[in-house]
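Dropping target.cif in here (mmCIF, C-alpha atoms):
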```cif
data_my_file
#
loop_
_atom_site.group_PDB
_atom_site.id
_atom_site.type_symbol
_atom_site.label_atom_id
_atom_site.label_comp_id
_atom_site.auth_asym_id
_atom_site.auth_seq_id
_atom_site.Cartn_x
_atom_site.Cartn_y
_atom_site.Cartn_z
ATOM 1 C CA MET A 734 44.912 36.948 -7.278
ATOM 2 C CA ARG A 735 45.960 34.366 -9.823
ATOM 3 C CA ILE A 736 44.600 30.908 -10.560
ATOM 4 C CA LYS A 737 47.201 28.268 -9.890
ATOM 5 C CA GLU A 738 48.585 26.163 -12.690
ATOM 6 C CA GLY A 739 46.539 23.036 -13.318
ATOM 7 C CA TYR A 740 43.060 24.227 -12.362
ATOM 8 C CA LYS A 741 40.751 24.433 -15.328
ATOM 9 C CA LEU A 742 37.282 25.803 -15.754
ATOM 10 C CA CYS A 743 35.346 23.534 -18.083
ATOM 11 C CA LYS A 744 31.887 23.863 -19.533
ATOM 12 C CA VAL A 745 29.729 20.761 -19.835
ATOM 13 C CA ARG A 746 26.360 21.634 -21.366
ATOM 14 C CA GLU A 747 25.061 24.413 -19.109
ATOM 15 C CA SER A 748 27.314 23.608 -16.163
ATOM 16 C CA SER A 749 30.646 25.107 -15.232
ATOM 17 C CA ILE A 750 33.033 22.903 -13.332
ATOM 18 C CA VAL A 751 36.582 23.211 -12.109
ATOM 19 C CA VAL A 752 38.855 20.198 -12.419
ATOM 20 C CA ALA A 753 42.506 19.636 -11.662
ATOM 21 C CA VAL A 754 44.945 18.417 -14.290
ATOM 22 C CA GLY A 755 48.679 17.759 -14.294
ATOM 23 C CA ASP A 756 50.527 18.117 -10.991
ATOM 24 C CA ALA A 757 47.492 19.787 -9.386
ATOM 25 C CA VAL A 758 45.833 16.349 -9.295
ATOM 26 C CA MET A 759 48.162 15.495 -6.409
ATOM 27 C CA ASP A 760 46.693 18.347 -4.323
ATOM 28 C CA PHE A 761 43.099 18.233 -5.429
ATOM 29 C CA ASN A 762 41.283 15.154 -6.595
ATOM 30 C CA GLY A 763 37.783 16.554 -6.599
ATOM 31 C CA ILE A 764 35.433 18.492 -8.787
ATOM 32 C CA VAL A 765 33.870 21.837 -8.007
ATOM 33 C CA THR A 766 30.777 23.116 -9.711
ATOM 34 C CA LEU A 767 30.356 26.866 -10.129
ATOM 35 C CA ASN A 768 27.233 28.978 -10.300
ATOM 36 C CA ALA A 769 26.905 31.830 -12.803
ATOM 37 C CA THR A 770 28.594 34.389 -10.523
ATOM 38 C CA GLY A 771 31.418 31.968 -9.786
ATOM 39 C CA GLU A 772 31.891 31.360 -13.489
ATOM 40 C CA LEU A 773 32.031 35.099 -14.173
ATOM 41 C CA ILE A 774 34.569 35.721 -11.405
ATOM 42 C CA TRP A 775 36.748 32.724 -12.338
ATOM 43 C CA GLY A 776 36.784 33.751 -15.992
ATOM 44 C CA MET A 777 37.807 37.307 -15.116
ATOM 45 C CA ILE A 778 40.574 36.190 -12.744
ATOM 46 C CA GLU A 779 41.838 33.863 -15.483
ATOM 47 C CA ASN A 780 41.983 36.841 -17.833
ATOM 48 C CA GLY A 781 44.009 38.808 -15.333
ATOM 49 C CA ALA A 782 41.299 41.199 -14.089
ATOM 50 C CA GLY A 783 41.859 42.952 -10.763
ATOM 51 C CA ASP A 784 39.472 42.813 -7.795
ATOM 52 C CA ASP A 785 37.883 46.210 -8.468
ATOM 53 C CA GLU A 786 37.318 45.395 -12.112
ATOM 54 C CA ILE A 787 35.558 42.172 -11.165
ATOM 55 C CA ILE A 788 33.423 43.913 -8.537
ATOM 56 C CA ALA A 789 32.387 46.540 -11.086
ATOM 57 C CA GLU A 790 31.385 43.805 -13.515
ATOM 58 C CA ILE A 791 29.267 42.040 -10.873
ATOM 59 C CA MET A 792 27.516 45.355 -10.132
ATOM 60 C CA ARG A 793 26.858 45.922 -13.819
ATOM 61 C CA LYS A 794 25.754 42.431 -14.705
ATOM 62 C CA TYR A 795 23.600 41.687 -11.678
ATOM 63 C CA LYS A 796 22.514 45.293 -11.030
ATOM 64 C CA VAL A 797 23.550 45.208 -7.387
ATOM 65 C CA ASP A 798 25.113 47.806 -5.060
ATOM 66 C CA GLU A 799 28.828 47.915 -4.564
ATOM 67 C CA SER A 800 28.516 46.549 -1.006
ATOM 68 C CA VAL A 801 26.621 43.488 -2.260
ATOM 69 C CA ALA A 802 29.062 42.913 -5.123
ATOM 70 C CA ARG A 803 32.019 43.283 -2.788
ATOM 71 C CA ALA A 804 30.544 40.785 -0.341
ATOM 72 C CA ASP A 805 29.781 38.280 -3.131
ATOM 73 C CA PHE A 806 33.267 38.622 -4.501
ATOM 74 C CA ALA A 807 34.897 38.303 -1.069
ATOM 75 C CA GLU A 808 32.895 35.188 -0.291
ATOM 76 C CA PHE A 809 33.880 33.507 -3.542
ATOM 77 C CA ALA A 810 37.508 34.609 -3.248
ATOM 78 C CA ASP A 811 37.645 33.096 0.257
ATOM 79 C CA LYS A 812 36.347 29.807 -1.113
ATOM 80 C CA LEU A 813 38.983 29.814 -3.840
ATOM 81 C CA LYS A 814 41.731 30.559 -1.322
ATOM 82 C CA GLY A 815 40.379 27.935 1.072
ATOM 83 C CA ALA A 816 40.407 25.330 -1.673
ATOM 84 C CA GLY A 817 43.924 26.347 -2.704
ATOM 85 C CA PHE A 818 42.932 27.242 -6.276
ATOM 86 C CA VAL A 819 44.481 30.711 -6.213
ATOM 87 C CA GLU A 820 47.689 32.336 -5.122
ATOM 88 C CA MET B 90 50.351 -11.090 -32.350
ATOM 89 C CA SER B 91 47.056 -11.191 -30.486
ATOM 90 C CA ILE B 92 44.372 -8.731 -31.494
ATOM 91 C CA TYR B 93 41.311 -8.433 -29.340
ATOM 92 C CA ARG B 94 38.176 -6.634 -30.382
ATOM 93 C CA ILE B 95 36.993 -4.780 -27.287
ATOM 94 C CA ALA B 96 34.235 -2.170 -27.487
ATOM 95 C CA GLU B 97 34.700 -2.240 -31.275
ATOM 96 C CA ILE B 98 38.331 -1.236 -30.948
ATOM 97 C CA ASN B 99 41.164 -3.468 -32.174
ATOM 98 C CA VAL B 100 43.392 -3.820 -29.152
ATOM 99 C CA LYS B 101 46.779 -5.465 -29.199
ATOM 100 C CA ILE B 102 47.528 -7.279 -25.967
ATOM 101 C CA GLU B 103 50.197 -9.872 -25.261
ATOM 102 C CA PRO B 104 49.104 -11.475 -21.980
ATOM 103 C CA ILE B 105 51.855 -12.918 -19.820
ATOM 104 C CA TYR B 106 49.680 -14.591 -17.194
ATOM 105 C CA GLU B 107 46.634 -16.796 -17.273
ATOM 106 C CA GLN B 108 44.073 -14.431 -15.706
ATOM 107 C CA LEU B 109 44.387 -11.770 -18.391
ATOM 108 C CA ARG B 110 44.623 -14.382 -21.136
ATOM 109 C CA SER B 111 41.496 -16.256 -20.054
ATOM 110 C CA ARG B 112 39.417 -13.130 -19.423
ATOM 111 C CA CYS B 113 40.334 -11.772 -22.848
ATOM 112 C CA LYS B 114 39.659 -15.028 -24.649
ATOM 113 C CA LYS B 115 36.124 -14.327 -25.783
ATOM 114 C CA TYR B 116 37.271 -10.971 -27.179
ATOM 115 C CA LEU B 117 39.854 -12.454 -29.551
ATOM 116 C CA SER B 118 39.386 -10.885 -32.969
ATOM 117 C CA ASP B 119 38.289 -13.095 -35.853
ATOM 118 C CA ASP B 120 40.561 -11.010 -38.007
ATOM 119 C CA CYS B 121 44.032 -11.749 -36.659
ATOM 120 C CA GLY B 122 45.575 -9.509 -39.321
ATOM 121 C CA ALA B 123 43.553 -6.462 -38.205
ATOM 122 C CA ALA B 124 45.617 -3.340 -37.601
ATOM 123 C CA PRO B 125 45.723 -2.499 -33.894
ATOM 124 C CA GLN B 126 44.076 0.797 -32.913
ATOM 125 C CA MET B 127 45.278 0.558 -29.327
ATOM 126 C CA LYS B 128 48.336 -1.172 -27.917
ATOM 127 C CA ILE B 129 48.496 -2.397 -24.344
ATOM 128 C CA ALA B 130 51.947 -3.312 -23.120
ATOM 129 C CA VAL B 131 52.074 -4.517 -19.549
ATOM 130 C CA THR B 132 55.717 -5.270 -18.910
ATOM 131 C CA GLU B 133 57.145 -7.389 -16.089
ATOM 132 C CA ASP B 134 58.705 -4.193 -14.829
ATOM 133 C CA ARG B 135 55.341 -2.464 -14.398
ATOM 134 C CA ILE B 136 53.892 -5.579 -12.765
ATOM 135 C CA GLN B 137 56.819 -5.650 -10.343
ATOM 136 C CA LYS B 138 56.373 -1.958 -9.465
ATOM 137 C CA LEU B 139 52.648 -2.368 -8.798
ATOM 138 C CA SER B 140 53.165 -5.482 -6.686
ATOM 139 C CA VAL B 141 55.524 -3.528 -4.428
ATOM 140 C CA ARG B 142 52.820 -0.902 -3.890
ATOM 141 C CA ALA B 143 50.045 -3.495 -3.564
ATOM 142 C CA PRO B 144 51.612 -6.571 -1.954
ATOM 143 C CA ALA B 145 48.231 -8.271 -1.548
ATOM 144 C CA LEU B 146 47.952 -8.659 -5.312
ATOM 145 C CA SER B 147 49.521 -11.553 -7.170
ATOM 146 C CA ALA B 148 51.557 -10.872 -10.294
ATOM 147 C CA GLU B 149 48.717 -12.030 -12.539
ATOM 148 C CA GLU B 150 46.247 -9.786 -10.739
ATOM 149 C CA CYS B 151 48.643 -6.872 -11.199
ATOM 150 C CA GLU B 152 48.887 -7.578 -14.918
ATOM 151 C CA TYR B 153 45.113 -7.766 -15.231
ATOM 152 C CA MET B 154 44.628 -4.487 -13.351
ATOM 153 C CA LEU B 155 47.277 -2.643 -15.338
ATOM 154 C CA ALA B 156 45.868 -3.886 -18.645
ATOM 155 C CA GLY B 157 42.432 -2.670 -17.569
ATOM 156 C CA ALA B 158 43.780 0.752 -16.577
ATOM 157 C CA ASP B 159 45.574 1.030 -19.932
ATOM 158 C CA PHE B 160 42.461 0.054 -21.834
ATOM 159 C CA TYR B 161 40.198 2.566 -20.089
ATOM 160 C CA GLY B 162 42.834 5.275 -20.328
ATOM 161 C CA GLY B 163 43.046 4.667 -24.076
ATOM 162 C CA LEU B 164 39.273 4.425 -24.425
ATOM 163 C CA MET B 165 38.997 8.188 -23.900
ATOM 164 C CA HIS B 166 40.566 8.667 -27.344
ATOM 165 C CA PHE B 167 37.702 6.689 -28.876
ATOM 166 C CA ASN B 168 34.791 8.795 -27.604
ATOM 167 C CA GLY B 169 34.572 6.446 -24.700
ATOM 168 C CA MET B 170 34.655 6.246 -20.948
ATOM 169 C CA LEU B 171 34.665 3.754 -18.133
ATOM 170 C CA LEU B 172 31.837 3.817 -15.654
ATOM 171 C CA HIS B 173 32.325 1.952 -12.410
ATOM 172 C CA ALA B 174 28.998 0.145 -12.583
ATOM 173 C CA SER B 175 27.199 -3.126 -12.981
ATOM 174 C CA ALA B 176 25.547 -3.113 -16.404
ATOM 175 C CA VAL B 177 22.498 -5.227 -17.117
ATOM 176 C CA ALA B 178 20.872 -5.537 -20.542
ATOM 177 C CA LEU B 179 17.146 -6.026 -20.941
ATOM 178 C CA ASP B 180 15.053 -5.780 -24.115
ATOM 179 C CA GLY B 181 17.946 -4.370 -26.113
ATOM 180 C CA ARG B 182 18.945 -1.621 -23.708
ATOM 181 C CA ALA B 183 21.686 -1.425 -21.123
ATOM 182 C CA TYR B 184 20.977 -0.137 -17.642
ATOM 183 C CA LEU B 185 23.977 0.872 -15.575
ATOM 184 C CA PHE B 186 23.986 0.856 -11.789
ATOM 185 C CA SER B 187 26.930 2.752 -10.396
ATOM 186 C CA ALA B 188 28.163 3.195 -6.847
ATOM 187 C CA PRO B 189 31.287 2.999 -4.710
ATOM 188 C CA CYS B 190 32.574 -0.510 -3.972
ATOM 189 C CA GLY B 191 30.513 -2.472 -1.513
ATOM 190 C CA THR B 192 27.246 -0.564 -2.011
ATOM 191 C CA GLY B 193 25.453 -3.366 -3.806
ATOM 192 C CA LYS B 194 25.622 -2.701 -7.555
ATOM 193 C CA SER B 195 25.966 -6.376 -8.400
ATOM 194 C CA THR B 196 23.364 -7.289 -5.818
ATOM 195 C CA HIS B 197 20.874 -5.002 -7.523
ATOM 196 C CA THR B 198 21.571 -6.245 -11.073
ATOM 197 C CA GLY B 199 21.531 -9.809 -9.691
ATOM 198 C CA LEU B 200 18.004 -9.079 -8.489
ATOM 199 C CA TRP B 201 17.094 -7.887 -11.988
ATOM 200 C CA GLN B 202 18.150 -11.315 -13.227
ATOM 201 C CA LYS B 203 16.061 -12.970 -10.554
ATOM 202 C CA TYR B 204 13.027 -10.823 -11.395
ATOM 203 C CA PHE B 205 13.197 -10.952 -15.203
ATOM 204 C CA GLY B 206 15.059 -14.254 -15.589
ATOM 205 C CA ALA B 207 18.766 -14.621 -16.313
ATOM 206 C CA ASP B 208 17.989 -15.434 -19.960
ATOM 207 C CA LYS B 209 16.298 -12.019 -20.440
ATOM 208 C CA ALA B 210 18.380 -9.829 -18.139
ATOM 209 C CA LYS B 211 22.043 -10.295 -18.955
ATOM 210 C CA ILE B 212 25.003 -8.868 -17.100
ATOM 211 C CA ILE B 213 27.121 -7.160 -19.760
ATOM 212 C CA ASN B 214 29.855 -6.192 -17.339
ATOM 213 C CA ASP B 215 29.599 -6.458 -13.593
ATOM 214 C CA ASP B 216 32.061 -3.726 -12.647
ATOM 215 C CA LYS B 217 33.554 -1.660 -15.461
ATOM 216 C CA PRO B 218 31.450 -1.388 -18.605
ATOM 217 C CA ALA B 219 32.724 0.792 -21.418
ATOM 218 C CA ILE B 220 30.480 3.501 -22.827
ATOM 219 C CA ARG B 221 31.165 4.834 -26.320
ATOM 220 C CA ILE B 222 29.462 7.577 -28.247
ATOM 221 C CA SER B 223 28.761 6.461 -31.765
ATOM 222 C CA GLY B 224 26.928 8.974 -33.927
ATOM 223 C CA LYS B 225 23.641 9.707 -32.182
ATOM 224 C CA ASP B 226 23.902 6.763 -29.824
ATOM 225 C CA ALA B 227 25.637 5.892 -26.621
ATOM 226 C CA LEU B 228 26.596 2.238 -26.621
ATOM 227 C CA VAL B 229 27.516 0.090 -23.649
ATOM 228 C CA TYR B 230 30.051 -2.698 -24.099
ATOM 229 C CA GLY B 231 31.178 -5.650 -22.130
ATOM 230 C CA THR B 232 34.948 -5.789 -21.678
ATOM 231 C CA PRO B 233 37.371 -8.380 -20.272
ATOM 232 C CA PHE B 234 37.802 -6.101 -17.269
ATOM 233 C CA SER B 235 34.812 -6.893 -15.133
ATOM 234 C CA GLY B 236 35.990 -6.985 -11.546
ATOM 235 C CA LYS B 237 36.420 -9.930 -9.252
ATOM 236 C CA LEU B 238 34.075 -12.211 -11.120
ATOM 237 C CA ASP B 239 34.432 -12.907 -14.796
ATOM 238 C CA LEU B 240 30.959 -11.581 -15.507
ATOM 239 C CA SER B 241 31.021 -10.036 -18.933
ATOM 240 C CA GLU B 242 29.439 -10.462 -22.334
ATOM 241 C CA ASN B 243 31.207 -9.575 -25.542
ATOM 242 C CA ALA B 244 28.204 -7.547 -26.652
ATOM 243 C CA ALA B 245 26.997 -3.997 -27.245
ATOM 244 C CA PHE B 246 23.700 -2.456 -26.235
ATOM 245 C CA LYS B 247 22.214 0.992 -26.539
ATOM 246 C CA LEU B 248 22.478 2.854 -23.271
ATOM 247 C CA GLY B 249 19.108 2.931 -21.549
ATOM 248 C CA ALA B 250 19.870 4.903 -18.406
ATOM 249 C CA ILE B 251 22.378 5.276 -15.601
ATOM 250 C CA CYS B 252 21.468 5.081 -11.946
ATOM 251 C CA PHE B 253 23.714 5.896 -8.993
ATOM 252 C CA LEU B 254 22.847 3.692 -6.035
ATOM 253 C CA HIS B 255 23.078 4.152 -2.311
ATOM 254 C CA ARG B 256 21.700 2.000 0.445
ATOM 255 C CA SER B 257 18.456 3.040 2.044
ATOM 256 C CA GLU B 258 15.689 1.410 4.054
ATOM 257 C CA LYS B 259 13.182 3.098 1.822
ATOM 258 C CA ASN B 260 13.229 2.671 -1.949
ATOM 259 C CA GLU B 261 13.263 6.033 -3.675
ATOM 260 C CA ILE B 262 14.531 7.298 -6.988
ATOM 261 C CA ARG B 263 14.923 10.720 -8.586
ATOM 262 C CA GLU B 264 16.511 12.218 -11.644
ATOM 263 C CA LEU B 265 19.804 13.975 -10.981
ATOM 264 C CA THR B 266 20.352 17.581 -12.015
ATOM 265 C CA GLU B 267 22.932 18.241 -14.701
ATOM 266 C CA LYS B 268 25.601 19.349 -12.212
ATOM 267 C CA GLU B 269 24.928 16.366 -9.945
ATOM 268 C CA SER B 270 25.164 14.043 -12.956
ATOM 269 C CA ILE B 271 28.530 15.433 -14.077
ATOM 270 C CA TYR B 272 29.865 15.183 -10.547
ATOM 271 C CA ALA B 273 28.657 11.602 -10.135
ATOM 272 C CA LEU B 274 29.913 10.442 -13.550
ATOM 273 C CA LEU B 275 33.356 11.962 -13.019
ATOM 274 C CA ASN B 276 33.583 10.401 -9.577
ATOM 275 C CA GLN B 277 32.844 6.906 -10.830
ATOM 276 C CA SER B 278 35.015 7.053 -13.925
ATOM 277 C CA LEU B 279 38.752 6.931 -14.468
ATOM 278 C CA ARG B 280 39.796 10.545 -14.142
ATOM 279 C CA PRO B 281 42.760 11.449 -16.332
ATOM 280 C CA ALA B 282 45.557 13.641 -15.046
ATOM 281 C CA ASP B 283 46.263 15.326 -18.365
ATOM 282 C CA ALA B 284 44.245 18.216 -19.764
ATOM 283 C CA LYS B 285 43.818 16.651 -23.188
ATOM 284 C CA ARG B 286 42.169 13.479 -21.995
ATOM 285 C CA MET B 287 40.170 15.397 -19.397
ATOM 286 C CA ALA B 288 38.683 17.429 -22.253
ATOM 287 C CA LEU B 289 37.930 14.212 -24.152
ATOM 288 C CA LEU B 290 36.264 12.681 -21.100
ATOM 289 C CA LEU B 291 34.131 15.780 -20.536
ATOM 290 C CA ASN B 292 33.061 15.657 -24.202
ATOM 291 C CA THR B 293 31.930 12.075 -23.734
ATOM 292 C CA ILE B 294 30.118 12.953 -20.511
ATOM 293 C CA GLU B 295 28.391 15.827 -22.296
ATOM 294 C CA ALA B 296 27.198 13.458 -25.021
ATOM 295 C CA VAL B 297 26.024 10.879 -22.462
ATOM 296 C CA LEU B 298 23.976 13.555 -20.696
ATOM 297 C CA GLY B 299 22.260 14.393 -23.967
ATOM 298 C CA LEU B 300 21.416 10.776 -24.713
ATOM 299 C CA SER B 301 20.400 9.292 -21.419
ATOM 300 C CA LYS B 302 18.780 10.173 -18.135
ATOM 301 C CA ILE B 303 20.774 9.906 -14.937
ATOM 302 C CA TYR B 304 19.138 8.887 -11.679
ATOM 303 C CA SER B 305 19.963 8.509 -8.037
ATOM 304 C CA MET B 306 18.319 5.731 -6.096
ATOM 305 C CA GLY B 307 18.250 4.731 -2.485
ATOM 306 C CA CYS B 308 17.368 1.067 -2.260
ATOM 307 C CA ASP B 309 17.217 -2.017 -0.116
ATOM 308 C CA ILE B 310 17.803 -5.567 -1.325
ATOM 309 C CA SER B 311 14.391 -6.459 -2.700
ATOM 310 C CA LEU B 312 12.411 -7.068 -5.855
ATOM 311 C CA ASP B 313 10.470 -3.909 -5.021
ATOM 312 C CA ALA B 314 13.700 -2.002 -5.596
ATOM 313 C CA VAL B 315 14.009 -3.713 -9.008
ATOM 314 C CA LYS B 316 10.437 -2.779 -9.956
ATOM 315 C CA LEU B 317 11.054 0.844 -8.998
ATOM 316 C CA SER B 318 14.366 1.211 -10.854
ATOM 317 C CA HIS B 319 13.109 -0.621 -13.933
ATOM 318 C CA GLU B 320 9.798 1.237 -14.221
ATOM 319 C CA THR B 321 11.407 4.636 -13.692
ATOM 320 C CA MET B 322 14.255 4.037 -16.132
ATOM 321 C CA MET B 323 11.880 2.607 -18.775
ATOM 322 C CA LYS B 324 9.616 5.647 -18.568
ATOM 323 C CA GLY B 325 12.559 7.963 -19.027
ATOM 324 C CA LEU B 326 13.925 6.232 -22.141
ATOM 325 C CA THR B 327 14.521 8.427 -25.135
ATOM 326 C CA PRO B 328 12.551 7.142 -28.145
ATOM 327 C CA GLN B 329 14.364 4.588 -30.307
#
```
Full structure transcribed into structure tokens:
Amino acid sequence: MRIKEGYKLCKVRESSIVVAVGDAVMDFNGIVTLNATGELIWGMIENGAGDDEIIAEIMRKYKVDESVARADFAEFADKLKGAGFVE
Amino acid sequence: MSIYRIAEINVKIEPIYEQLRSRCKKYLSDDCGAAPQMKIAVTEDRIQKLSVRAPALSAEECEYMLAGADFYGGLMHFNGMLLHASAVALDGRAYLFSAPCGTGKSTHTGLWQKYFGADKAKIINDDKPAIRISGKDALVYGTPFSGKLDLSENAAFKLGAICFLHRSEKNEIRELTEKESIYALLNQSLRPADAKRMALLLNTIEAVLGLSKIYSMGCDISLDAVKLSHETMMKGLTPQ
């Protein structure tokens, strides 16, 4: 999974938001706010981490079982795909 | 060369048509030799292109709109942003009421004038005030770009608070969370397509959030709505 060109994670005070810039503005003219897990996952995808690496990090950081981490990751990944942010 | 002083920025504009010229008039700089910090060039070619896309607009309306878009686009480089709002000043502070077109921003600030008197409550800009961060303050400026009516004051006031309005049968107001505030401010501003200006805009929004409270209010058309918005926003003011 790779974040498409033009989608940027930005930090405003304590909040993480995703905005579109450049050509991506034509496809997406909104703003998405991310929670802490979303921010972690987005940041790792941006840095080229694979699914299993991200799931392991969720387990470590939030002290949850693999099944829970996998489900959280899958849910967020679906949202990203649905919104067209990743390819 | 015409230099206009808008939101404390020296702006070079050469109006072609009367609407832009007359709306800008009270912003003409006293110092005609001042070096321009921003240049707005609305060419006949751009006017022509816009009028093809928006046939309902006259050429002078196109020029006025394009000049406004240029100004607010440039404003981002001066720690500034546009907020689509009606801005009313009272007791030295500016209160901004923002909402999508047709919600009743101007109606609400008009009621402030009725309640407090038009001599005390002044409309700084009825549609597109400029906000600029200056040191530890957020300042609100009137600009020549004020929507359908030429309701603007060439003046600056410290930002009191911002309130996003929606219509409701019951008057109620609450403070927005940080995420809600960012979302609302971005939605009612001019959102740039390039990453550089987007970063500048988010910096300005971040500063605004640190300097002012942001509210959401459901309101009807009444003086009770004015009392509620005024009292709540006054209470939430950061100390001078």
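Once range 777-788 of chain A and its same-chain neighbours fewer than 3 positions away are set aside, Met734, Arg735, Ile736, Lys737, Lys741, Leu742, Gly771, Glu772, Leu773, Ile774, Ile791, Met792, Arg793, Lys794, Asp798, Glu799, Ser800, Val801, Ala802, Arg803, Ala804, Asp805, Phe806, Ala807, Ala810 and Val819 of chain A remain within 10 Å of it when counting only C-alpha atoms.
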For the residues in that selection, give me C-alpha atoms as a JSON list (two decimals), in the coordinates of the input.
```json
[["chain", "number", "residue", "atom", "x", "y", "z"],
["A", 734, "MET", "CA", 44.91, 36.95, -7.28],
["A", 735, "ARG", "CA", 45.96, 34.37, -9.82],
["A", 736, "ILE", "CA", 44.60, 30.91, -10.56],
["A", 737, "LYS", "CA", 47.20, 28.27, -9.89],
["A", 741, "LYS", "CA", 40.75, 24.43, -15.33],
["A", 742, "LEU", "CA", 37.28, 25.80, -15.75],
["A", 771, "GLY", "CA", 31.42, 31.97, -9.79],
["A", 772, "GLU", "CA", 31.89, 31.36, -13.49],
["A", 773, "LEU", "CA", 32.03, 35.10, -14.17],
["A", 774, "ILE", "CA", 34.57, 35.72, -11.40],
["A", 791, "ILE", "CA", 29.27, 42.04, -10.87],
["A", 792, "MET", "CA", 27.52, 45.36, -10.13],
["A", 793, "ARG", "CA", 26.86, 45.92, -13.82],
["A", 794, "LYS", "CA", 25.75, 42.43, -14.70],
["A", 798, "ASP", "CA", 25.11, 47.81, -5.06],
["A", 799, "GLU", "CA", 28.83, 47.92, -4.56],
["A", 800, "SER", "CA", 28.52, 46.55, -1.01],
["A", 801, "VAL", "CA", 26.62, 43.49, -2.26],
["A", 802, "ALA", "CA", 29.06, 42.91, -5.12],
["A", 803, "ARG", "CA", 32.02, 43.28, -2.79],
["A", 804, "ALA", "CA", 30.54, 40.78, -0.34],
["A", 805, "ASP", "CA", 29.78, 38.28, -3.13],
["A", 806, "PHE", "CA", 33.27, 38.62, -4.50],
["A", 807, "ALA", "CA", 34.90, 38.30, -1.07],
["A", 810, "ALA", "CA", 37.51, 34.61, -3.25],
["A", 819, "VAL", "CA", 44.48, 30.71, -6.21]]
```
Here's a test: counting only C-alpha atoms, identify every protein, DNA and RNA residue with an atom at most 12 Å from (33.9, -1.1, -34.2) in the file's coordinate frame, and state them as an MDAnalysis selection string.
chainID B and resid 93:100 118 123 125:126 167:168 221:223 228 230 244:245
Next, write the just-selected residues to a file, as a PDB file, in the frame of the given file, keeping C-alpha atoms as the atom set.
```pdb
ATOM      1  CA  TYR B  93      41.311  -8.433 -29.340  1.00  0.00           C
ATOM      2  CA  ARG B  94      38.176  -6.634 -30.382  1.00  0.00           C
ATOM      3  CA  ILE B  95      36.993  -4.780 -27.287  1.00  0.00           C
ATOM      4  CA  ALA B  96      34.235  -2.170 -27.487  1.00  0.00           C
ATOM      5  CA  GLU B  97      34.700  -2.240 -31.275  1.00  0.00           C
ATOM      6  CA  ILE B  98      38.331  -1.236 -30.948  1.00  0.00           C
ATOM      7  CA  ASN B  99      41.164  -3.468 -32.174  1.00  0.00           C
ATOM      8  CA  VAL B 100      43.392  -3.820 -29.152  1.00  0.00           C
ATOM      9  CA  SER B 118      39.386 -10.885 -32.969  1.00  0.00           C
ATOM     10  CA  ALA B 123      43.553  -6.462 -38.205  1.00  0.00           C
ATOM     11  CA  PRO B 125      45.723  -2.499 -33.894  1.00  0.00           C
ATOM     12  CA  GLN B 126      44.076   0.797 -32.913  1.00  0.00           C
ATOM     13  CA  PHE B 167      37.702   6.689 -28.876  1.00  0.00           C
ATOM     14  CA  ASN B 168      34.791   8.795 -27.604  1.00  0.00           C
ATOM     15  CA  ARG B 221      31.165   4.834 -26.320  1.00  0.00           C
ATOM     16  CA  ILE B 222      29.462   7.577 -28.247  1.00  0.00           C
ATOM     17  CA  SER B 223      28.761   6.461 -31.765  1.00  0.00           C
ATOM     18  CA  LEU B 228      26.596   2.238 -26.621  1.00  0.00           C
ATOM     19  CA  TYR B 230      30.051  -2.698 -24.099  1.00  0.00           C
ATOM     20  CA  ALA B 244      28.204  -7.547 -26.652  1.00  0.00           C
ATOM     21  CA  ALA B 245      26.997  -3.997 -27.245  1.00  0.00           C
TER      22      ALA B 245
END
```
Determine the residue membership of the PyMOL selection byres ((chain A) within 8 of (chain B)) for the file above and supply it as number ranges by chain.
A: 745-748, 753-756, 758, 764, 766
Go ahead and write the selection's residues with C-alpha atoms as a PDB file, in the frame of the given file.
```pdb
ATOM      1  CA  VAL A 745      29.729  20.761 -19.835  1.00  0.00           C
ATOM      2  CA  ARG A 746      26.360  21.634 -21.366  1.00  0.00           C
ATOM      3  CA  GLU A 747      25.061  24.413 -19.109  1.00  0.00           C
ATOM      4  CA  SER A 748      27.314  23.608 -16.163  1.00  0.00           C
ATOM      5  CA  ALA A 753      42.506  19.636 -11.662  1.00  0.00           C
ATOM      6  CA  VAL A 754      44.945  18.417 -14.290  1.00  0.00           C
ATOM      7  CA  GLY A 755      48.679  17.759 -14.294  1.00  0.00           C
ATOM      8  CA  ASP A 756      50.527  18.117 -10.991  1.00  0.00           C
ATOM      9  CA  VAL A 758      45.833  16.349  -9.295  1.00  0.00           C
ATOM     10  CA  ILE A 764      35.433  18.492  -8.787  1.00  0.00           C
ATOM     11  CA  THR A 766      30.777  23.116  -9.711  1.00  0.00           C
TER      12      THR A 766
END
```
Measuring atom to atom with all atoms listed in the file, identify which of A:Leu813, A:Ala789, A:Val797, A:Val765 is nearest to Val752 in chain A.
A:Val765
In Å, rounded to a single decimal, give me how far CA of Leu179 in chain B is from CA of Ser235 in chain B.
18.6 Å
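What separates CA of Gly776 in chain A from CA of Phe809 in chain A is a distance of 12.8 Å.
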For Leu171 in chain B, which of B:Thr321, B:Ser311, B:Asn214, B:Thr266 is the closest residue, counting all atoms listed in the file?
B:Asn214
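Here CA of Thr232 in chain B and CA of Lys138 in chain B stand 25.0 Å from one another.
Distance check against Asp215 in chain B using all atoms listed in the file: of B:Phe234, B:Tyr116, B:Tyr106, B:Trp201, the minimum falls on B:Phe234.
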Padding 3 Å on every side, please: axis-aligned box over the listed atoms of range 213-217 of chain B, centre and edge lengths to one decimal in Å, as lines of an AutoDock Vina configuration file.
```
center_x = 30.3
center_y = -4.4
center_z = -16.2
size_x = 12.4
size_y = 11.5
size_z = 13.1
```
Proximity to Met154 in chain B - best of B:Leu200, B:Ile136, B:Met170, B:Ala176, all atoms listed in the file:
B:Ile136
